[in-house]
Structures are given as structure tokens and as C-alpha cells.
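Enquirer: This is the content of my_file.cif (mmCIF, C-alpha atoms):
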data_start
#
loop_
_atom_site.label_atom_id
_atom_site.label_comp_id
_atom_site.auth_asym_id
_atom_site.auth_seq_id
_atom_site.Cartn_x
_atom_site.Cartn_y
_atom_site.Cartn_z
CA MET Q 286 132.75 121.30 48.70
CA GLY Q 287 129.18 120.10 48.49
CA LEU Q 288 128.19 120.58 52.10
CA ASP Q 289 124.95 122.39 52.84
CA PHE Q 290 124.97 124.99 55.62
CA SER Q 291 121.51 126.34 54.94
CA LEU Q 292 120.22 123.75 57.41
CA TYR Q 293 121.77 125.63 60.33
CA ASP Q 294 118.89 126.99 62.41
CA LYS Q 295 119.28 130.38 64.11
CA VAL Q 296 116.50 129.50 66.56
CA PHE Q 297 118.75 126.88 68.10
CA GLU Q 298 121.67 129.25 68.50
CA ASN Q 299 120.25 129.94 71.94
CA ARG Q 300 121.45 127.25 74.32
CA ILE Q 301 118.21 127.05 76.34
CA ARG Q 302 116.15 126.55 73.19
CA LEU Q 303 118.53 123.87 71.96
CA GLN Q 304 118.26 122.11 75.32
CA ILE Q 305 114.45 122.33 75.44
CA MET Q 306 114.26 120.81 71.98
CA SER Q 307 116.72 118.04 72.97
CA VAL Q 308 114.49 117.11 75.92
CA LEU Q 309 111.39 117.11 73.72
CA MET Q 310 113.12 114.94 71.11
CA ALA Q 311 113.99 112.33 73.75
CA ASN Q 312 110.55 112.42 75.41
CA ASP Q 313 107.07 112.47 73.91
CA SER Q 314 106.01 115.23 76.28
CA TYR Q 315 107.43 117.12 79.26
CA ASP Q 316 105.89 119.48 81.80
CA PHE Q 317 107.06 122.96 82.75
CA SER Q 318 108.42 122.26 86.23
CA SER Q 319 110.32 119.13 85.13
CA LEU Q 320 111.85 121.11 82.26
CA LYS Q 321 112.89 123.78 84.73
CA GLU Q 322 114.55 121.21 87.00
CA THR Q 323 116.32 119.47 84.14
CA LEU Q 324 117.67 122.64 82.53
CA GLU Q 325 118.35 124.44 85.83
CA VAL Q 326 116.99 127.79 84.61
CA THR Q 327 114.63 130.41 86.01
CA ASP Q 328 110.87 130.48 85.29
CA GLY Q 329 111.11 133.65 83.20
CA ASN Q 330 114.02 132.48 81.09
CA LEU Q 331 112.34 129.15 80.37
CA ALA Q 332 108.95 130.72 79.63
CA SER Q 333 110.31 133.26 77.14
CA ASN Q 334 112.27 130.62 75.24
CA LEU Q 335 109.29 128.27 75.18
CA LYS Q 336 107.27 131.16 73.74
CA THR Q 337 109.82 131.62 70.94
CA LEU Q 338 109.75 127.91 70.08
CA GLU Q 339 105.96 127.98 70.09
CA LYS Q 340 105.88 131.00 67.78
CA GLU Q 341 108.17 129.17 65.36
CA GLY Q 342 105.73 126.28 65.43
CA TYR Q 343 108.40 123.91 66.77
CA ILE Q 344 106.49 122.90 69.90
CA SER Q 345 102.86 122.56 70.91
CA ILE Q 346 101.36 123.33 74.29
CA GLU Q 347 98.76 121.39 76.20
CA LYS Q 348 97.19 123.01 79.23
CA SER Q 349 95.28 120.99 81.78
CA PHE Q 350 94.61 120.82 85.50
CA VAL Q 351 96.02 118.20 87.86
CA ASP Q 352 94.48 118.39 91.34
CA ARG Q 353 93.23 121.86 90.46
CA LYS Q 354 96.76 123.05 89.79
CA PRO Q 355 97.56 124.17 86.27
CA ASN Q 356 99.77 121.67 84.45
CA THR Q 357 101.34 122.66 81.16
CA ARG Q 358 102.86 120.02 78.93
CA TYR Q 359 105.00 120.62 75.90
CA LYS Q 360 105.43 118.45 72.82
CA ARG Q 361 107.60 118.68 69.72
CA THR Q 362 105.73 119.29 66.49
CA GLU Q 363 106.65 117.59 63.24
CA LYS Q 364 108.05 120.89 62.03
CA GLY Q 365 110.14 121.20 65.19
CA ALA Q 366 111.51 117.66 64.88
CA LYS Q 367 112.48 118.29 61.27
CA ALA Q 368 114.16 121.59 62.16
CA PHE Q 369 116.11 119.93 64.97
CA GLU Q 370 117.28 117.10 62.73
CA ASN Q 371 118.34 119.63 60.09
CA HIS Q 372 120.23 121.59 62.70
CA LEU Q 373 122.07 118.42 63.77
CA THR Q 374 122.96 117.75 60.14
CA ALA Q 375 124.33 121.29 59.88
CA LEU Q 376 126.49 120.76 62.99
CA GLU Q 377 127.68 117.48 61.51
CA ASN Q 378 128.63 119.26 58.28
CA LEU Q 379 130.53 121.90 60.22
CA ILE Q 380 132.52 119.19 61.92
CA LYS Q 381 133.20 117.42 58.64
CA ARG Q 382 134.50 120.64 57.15
CA GLN Q 383 136.89 121.18 60.02
CA TYR Q 384 138.39 117.75 59.71
CA LYS Q 385 139.05 118.15 55.99
CA MET C 201 131.79 128.48 65.20
CA ASP C 202 135.02 126.77 66.08
CA GLN C 203 135.57 123.20 67.07
CA GLN C 204 135.31 123.88 70.81
CA ASP C 205 131.86 125.45 70.37
CA LEU C 206 130.68 122.54 68.31
CA ILE C 207 131.78 120.00 70.86
CA LYS C 208 130.04 121.99 73.60
CA GLU C 209 126.90 122.27 71.50
CA ILE C 210 126.71 118.54 70.96
CA GLY C 211 127.51 117.96 74.64
CA HIS C 212 124.45 120.04 75.63
CA ILE C 213 122.19 118.04 73.35
CA ARG C 214 123.53 114.74 74.56
CA SER C 215 123.37 115.53 78.26
CA MET C 216 119.83 116.94 78.01
CA MET C 217 118.55 113.91 76.13
CA GLU C 218 120.10 111.57 78.67
CA LYS C 219 119.22 113.53 81.77
CA SER C 220 115.59 113.89 80.73
CA SER C 221 114.94 110.35 79.61
CA LYS C 222 117.06 108.11 81.83
CA VAL C 223 117.06 107.43 85.53
CA LEU C 224 120.74 107.79 86.38
CA SER C 225 120.44 108.15 90.13
CA ILE C 226 120.29 104.42 90.87
CA SER C 227 123.24 103.62 93.11
CA GLY C 228 125.47 100.65 92.43
CA LEU C 229 126.56 100.41 96.04
CA SER C 230 122.95 100.09 97.17
CA GLY C 231 122.82 97.00 94.92
CA VAL C 232 125.74 95.51 96.86
CA LEU C 233 124.06 96.28 100.21
CA ILE C 234 120.74 94.84 99.06
CA GLY C 235 122.56 91.68 97.97
CA ILE C 236 124.12 91.38 101.43
CA TYR C 237 120.71 91.81 103.12
CA ALA C 238 119.35 89.05 100.89
CA LEU C 239 122.19 86.69 101.84
CA LEU C 240 121.63 87.45 105.54
CA GLY C 241 117.92 86.85 105.00
CA ALA C 242 118.58 83.57 103.22
CA THR C 243 120.82 82.46 106.09
CA ALA C 244 118.11 83.37 108.60
CA GLY C 245 115.61 81.45 106.47
CA TYR C 246 117.90 78.43 106.41
CA VAL C 247 118.23 78.50 110.21
CA VAL C 248 114.44 78.79 110.59
CA VAL C 249 113.87 75.71 108.46
CA TYR C 250 116.89 73.51 109.09
CA GLY C 251 117.92 74.53 112.60
CA PHE C 252 121.35 75.64 113.73
CA ASP C 253 123.76 72.77 113.34
CA SER C 254 122.01 70.45 111.01
CA ARG C 255 123.53 67.56 109.19
CA PHE C 256 122.59 66.69 105.66
CA ASP C 257 119.00 65.69 105.10
CA TYR C 258 118.04 66.39 108.63
CA ARG C 259 115.50 69.08 109.33
CA ASP C 260 114.47 70.52 112.66
CA HIS C 261 111.23 71.72 111.10
CA TYR C 262 109.17 71.32 108.01
CA VAL C 263 108.19 74.24 105.84
CA THR C 264 104.53 73.43 106.19
CA GLU C 265 104.40 74.26 109.90
CA PRO C 266 102.55 77.57 110.39
CA ALA C 267 105.15 78.96 112.84
CA VAL C 268 107.93 78.30 110.33
CA ILE C 269 105.99 79.96 107.55
CA ASN C 270 105.28 83.02 109.65
CA ASN C 271 108.96 83.30 110.51
CA LEU C 272 109.93 82.99 106.85
CA ILE C 273 107.43 85.67 105.84
CA GLY C 274 108.82 87.89 108.58
CA VAL C 275 112.38 87.42 107.28
CA ALA C 276 111.30 88.11 103.68
CA LEU C 277 109.42 91.28 104.64
CA THR C 278 112.35 92.57 106.69
CA VAL C 279 114.72 92.05 103.74
CA LEU C 280 112.23 93.73 101.38
CA ILE C 281 111.71 96.79 103.57
CA ALA C 282 115.43 97.21 104.36
CA SER C 283 116.22 96.93 100.62
CA LEU C 284 113.61 99.50 99.60
CA ILE C 285 114.78 101.99 102.22
CA THR C 286 118.46 101.53 101.28
CA GLY C 287 117.76 101.76 97.54
CA LEU C 288 115.66 104.92 97.81
CA TRP C 289 117.90 106.63 100.34
CA MET C 290 121.07 106.05 98.29
CA ALA C 291 119.33 107.08 95.06
CA ARG C 292 118.30 110.33 96.71
CA ARG C 293 121.83 110.93 97.89
CA LYS C 294 123.23 110.31 94.41
CA ALA C 295 120.61 112.57 92.81
CA LYS C 296 121.42 115.33 95.27
CA LYS C 297 125.12 115.07 94.47
CA ALA C 298 124.37 115.46 90.75
CA ARG C 299 121.99 118.35 91.59
CA GLN C 300 119.05 116.44 90.22
CA TYR C 301 115.66 115.55 91.58
CA ILE C 302 114.86 111.91 92.19
CA TRP C 303 111.29 112.49 90.92
CA ASN C 304 111.21 113.30 87.26
CA PRO C 305 109.02 112.06 84.42
CA SER C 306 111.38 109.17 83.65
CA SER C 307 111.68 107.92 87.22
CA LYS C 308 107.89 107.99 87.48
CA ALA C 309 107.55 106.05 84.22
CA MET C 310 110.15 103.57 85.48
CA LEU C 311 108.28 103.07 88.75
CA LEU C 312 105.09 102.28 86.86
CA ALA C 313 106.89 99.91 84.47
CA MET C 314 108.44 98.05 87.40
CA GLY C 315 105.42 98.26 89.69
CA ILE C 316 102.97 96.34 87.53
CA PRO C 317 104.96 93.07 87.25
CA LEU C 318 106.23 93.43 90.82
CA ILE C 319 102.78 93.84 92.41
CA THR C 320 101.40 91.05 90.21
CA GLY C 321 104.24 88.81 91.41
CA GLY C 322 103.63 89.74 95.03
CA LEU C 323 99.92 88.94 94.82
CA PHE C 324 100.66 85.75 92.86
CA SER C 325 103.03 84.62 95.65
CA LEU C 326 100.47 85.43 98.35
CA ILE C 327 97.90 83.31 96.52
CA LEU C 328 100.42 80.45 96.19
CA LEU C 329 101.16 80.82 99.89
CA SER C 330 97.50 80.65 100.85
CA ARG C 331 97.04 77.52 98.71
CA GLY C 332 100.07 75.78 100.15
CA TYR C 333 102.34 75.78 97.09
CA PHE C 334 105.36 76.75 99.18
CA SER C 335 107.96 75.18 96.92
CA LEU C 336 107.03 77.50 94.04
CA ILE C 337 107.43 80.79 95.87
CA GLY C 338 111.21 81.23 95.49
CA ALA C 339 110.95 80.72 91.74
CA THR C 340 107.89 82.96 91.41
CA LEU C 341 109.57 85.86 93.20
CA LEU C 342 112.68 85.54 91.02
CA ILE C 343 110.72 85.41 87.76
CA PHE C 344 108.45 88.36 88.51
CA TYR C 345 111.31 90.42 89.91
CA GLY C 346 113.27 89.68 86.73
CA LEU C 347 110.32 90.76 84.57
CA SER C 348 110.04 93.95 86.57
CA LEU C 349 113.75 94.72 86.04
CA THR C 350 113.64 94.04 82.31
CA SER C 351 110.68 96.38 81.85
CA GLY C 352 112.09 99.10 84.14
CA GLY C 353 115.55 98.68 82.59
CA ILE C 354 114.52 100.68 79.51
CA TYR C 355 114.75 103.81 81.64
CA THR C 356 118.16 103.27 83.19
CA PHE C 357 121.56 101.57 82.82
CA LYS C 358 121.52 98.61 80.44
CA GLU C 359 122.94 96.43 83.24
CA VAL C 360 119.53 96.46 84.95
CA ARG C 361 118.02 94.68 81.96
CA TRP C 362 120.71 92.02 82.05
CA LEU C 363 120.19 91.54 85.76
CA GLY C 364 116.48 91.04 85.02
CA ILE C 365 117.13 88.42 82.34
CA LEU C 366 119.47 86.49 84.66
CA GLU C 367 116.87 86.61 87.47
CA ILE C 368 114.24 85.19 85.12
CA LEU C 369 116.58 82.35 84.05
CA LEU C 370 117.38 81.54 87.68
CA GLY C 371 113.67 81.54 88.48
CA LEU C 372 113.00 79.06 85.67
CA PHE C 373 115.81 76.81 86.93
CA ALA C 374 114.36 77.08 90.44
CA LEU C 375 111.10 75.72 89.02
CA LEU C 376 112.97 72.78 87.50
CA PHE C 377 114.61 71.92 90.81
CA PRO C 378 111.91 72.24 93.46
CA GLY C 379 113.13 72.13 97.04
CA TYR C 380 116.21 74.21 96.27
CA GLY C 381 114.20 77.46 96.16
CA LEU C 382 116.21 79.03 98.96
CA TRP C 383 119.51 78.41 97.17
CA PHE C 384 118.29 79.95 93.94
CA TRP C 385 116.78 82.78 95.91
CA ALA C 386 120.14 83.46 97.62
CA LEU C 387 121.93 83.28 94.28
CA GLY C 388 119.46 85.62 92.53
CA PHE C 389 118.73 88.20 95.18
CA GLY C 390 122.08 87.96 96.95
CA VAL C 391 125.00 87.06 94.70
CA LEU C 392 123.63 88.60 91.46
CA HIS C 393 122.82 91.90 93.17
CA ILE C 394 126.31 92.13 94.61
CA ILE C 395 127.96 91.46 91.23
CA TYR C 396 125.61 93.86 89.44
CA GLY C 397 126.21 96.53 92.10
CA PHE C 398 129.98 96.34 91.70
CA ILE C 399 129.71 96.57 87.90
CA VAL C 400 127.45 99.64 87.99
CA HIS C 401 129.60 101.26 90.67
CA LYS C 402 132.77 100.73 88.63
CA ARG C 403 131.30 101.89 85.33
CA TYR C 404 129.23 104.89 86.35
CA GLU C 405 130.28 106.17 89.77
#
Go ahead and render the structure in this file as C-alpha cells.

Expert:
Amino acid sequence: MGLDFSLYDKVFENRIRLQIMSVLMANDSYDFSSLKETLEVTDGNLASNLKTLEKEGYISIEKSFVDRKPNTRYKRTEKGAKAFENHLTALENLIKRQYK
Amino acid sequence: MDQQDLIKEIGHIRSMMEKSSKVLSISGLSGVLIGIYALLGATAGYVVVYGFDSRFDYRDHYVTEPAVINNLIGVALTVLIASLITGLWMARRKAKKARQYIWNPSSKAMLLAMGIPLITGGLFSLILLSRGYFSLIGATLLIFYGLSLTSGGIYTFKEVRWLGILEILLGLFALLFPGYGLWFWALGFGVLHIIYGFIVHKRYE
């Protein structure tokens, strides 16, 4: 069986992180409060998972001010996009194996 | 990981990508209502111009009379405002039901994409109006509204794009047959909206 499972990414084993990355794959950039509304999670939960993704180098952060309120936007990095695509390939391979 | 986990995993990815990039709170039923308002408006417009029991080719008034024009503008604005209120109110209701917010990055992007052609079309029609090109206004509104739908359609159901293309075609036909603007207008804003609304309602609600 020549299927490669090394592509499976432990970082995306966490559901919140997988969902954040899905949003950032579908959109060029997304801000903190919109992410929170879309994922329906608490501030703390979201922040800590964003931190992990940032540490991995999968997302980049852009801080700015809109009407004097802090506005933080997140973007996928090239590394993050590649990792996500690899992870999808790994899931695909898992499915293929099960239908053999 | 068993099969159930995998399916769930892929479900999360799919729903997040869709929820974050598409505007799914547009209500099909509001399309039907807006179509009905447009038909009522077109009927009112017909009465303003042709009078109540008119025979063929007999007009009580001509479109160039200022009182008639003011009445027609009044009817058009009433239809526009009623449609906007209905559309927004029902979208908010649908978003609430799905526990979503009506304002998200994609609905804002959609508003901008639709707003530019729509405002251009509105100003274009006002200029036509002020210069006396009354026969072109029905077609102009249809064409610019169609353009606005095709550009906003990227962010929502694919049916919106198709509605836009049909509105543009109707607008072009309206230009070819001047004098029948009201009929094309009723077909585009009334009948097409009702059909589109039923399709969206059946497929997604």
C-alpha cells in the first residue's frame, strides 16, 4: 500500500485550529471578532489556538486600529496553506484506505 | 481515526469554509414578497399613466407631464424602500435562526460589490430623468440591477448570479422595444423575483 500518512498534521488534530485554518483558506484575511462569531467559541479558547498556529508559522497577524479600537487580522502563511493541503491529502488517504 | 471521525472532520472544514465566505442568510421568501411589491408597483404605475379603465392606445396622461412623473417616482421609491426593509428584515430573521450574524466580512464585501453598480445605476437614471429620457429608465434600472446581482452573486447562492444575467438580458430587450419599459420592468422585478424566490426557498430553506 503506497499511501503516505506522514502528511497528517498533529496541529490540526484540534478542532478549533482546523476550523480557523479552514476559514483562513477560504478568505484572504479575517478579524478576531468575526472568527469568534463564525466558530462560536470563547475569546480565550480562540486566542490560545491562534497563538499555537502563529507559533507554528501557519498564520500571520496584522494589528491595526479602526476608529481607535484595536483590530487584529489574521492571514494564512504559505507554510500554513501547504500544511493544510497536506493534512487534507492525509485525510483523503485515510478514507481511501478504509474503502479498500 | 474511524470513518465517522473522518466524515465529521471534513464536515467541519466544509461548513467553516462556507459559513465564512458565503452569505447564506438571504431569504428566498423575501424574493417572492419583493416580486409581489414590484407587480403592485407596476400596476400602480400603469394606472398613473393610462388611467383606470383604458382601452388600447388610449392614455389619460402622457409620461412627460410633471405630475405623472412625480407620481411614478413616488411609486418606484415606495417599492424600493418596502423591498429593502423586507429583504433586510427577513435576512436578519434567517441569520438569527441559524445562530449567525448578518454582518460578517462576506456580507460586507457583498454589499460593496452590489453597491457600486447599484448606486451608479441610480445616479444614471436620475440624470436620464432630469434630461427627459424617460423611455430609457426601465431598461437602465434592469441592466444596472442585473450587474449588481452578478457581482454580488459571487458571495451567495449561484441562483443570484443567474437572476442578474436574466435581468441584464431583459434590460437589453427593453432598450430594443422602447415604450414597453413598464412591461419589462414588471417582468424583471416582479415575475423573475417571484420565480427566483421560490427556487431558493425550495433548494435551501

Enquirer: On this file, the PyMOL selection byres ((chain C) within 6 of (chain Q)) gives some set of residues; write that set as a list in words.

Expert: Ile213, Met216, Met217 and Ser220 of chain C

Enquirer: Rank nothing, just name the residue among C:Gly241, C:Phe377, C:Leu206, C:Arg361 nearest to Leu280 of chain C, using all atoms listed in the file.

Expert: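 Result for the nearest residue to Leu280 of chain C: C:Gly241.
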
Enquirer: What lies within 12 Å of segment 304-320 of chain C using all atoms listed in the file, ignoring chain neighbours under 3 positions off, as a ChimeraX atom specification?

Expert: /Q:308,311-323,358 /C:217-226,288,291-292,295,300-301,323-327,340-357,360-361,364

Enquirer: Using all atoms listed in the file, what residues lie at most 12 Å away from (106.3, 127.8, 70.9) (file coordinates), given as a ChimeraX atom specification?

Expert: /Q:296,302,305-306,331-347,358-362,364-365

Enquirer: Please write the residues picked by the PyMOL selection byres ((chain C and resi 394) around 8) on this file as a PyMOL selection string.

Expert: chain C and resi 231-236+390-393+395-398

Enquirer: Suppose you want the space between atom CA of Val275 of chain C and atom CA of Ile365 of chain C; what is it in Å?

Expert: 25.4 Å

Enquirer: Applied to this file, what does the PyMOL selection byres ((chain Q and resi 293) around 9) return in terms of residues, put as number ranges by chain?

Expert: Q: 289-292, 294-295, 297-298, 368, 371-376

Enquirer: Atom CA of Gly388 of chain C and atom CA of Ser283 of chain C are how many Å apart?

Expert: 14.3 Å

Enquirer: Between atom CA of Glu367 of chain C and atom CA of Arg403 of chain C, what is the distance in Å, rounded to a tenth?

Expert: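 Going from atom CA of Glu367 of chain C over to atom CA of Arg403 of chain C covers 21.1 Å.
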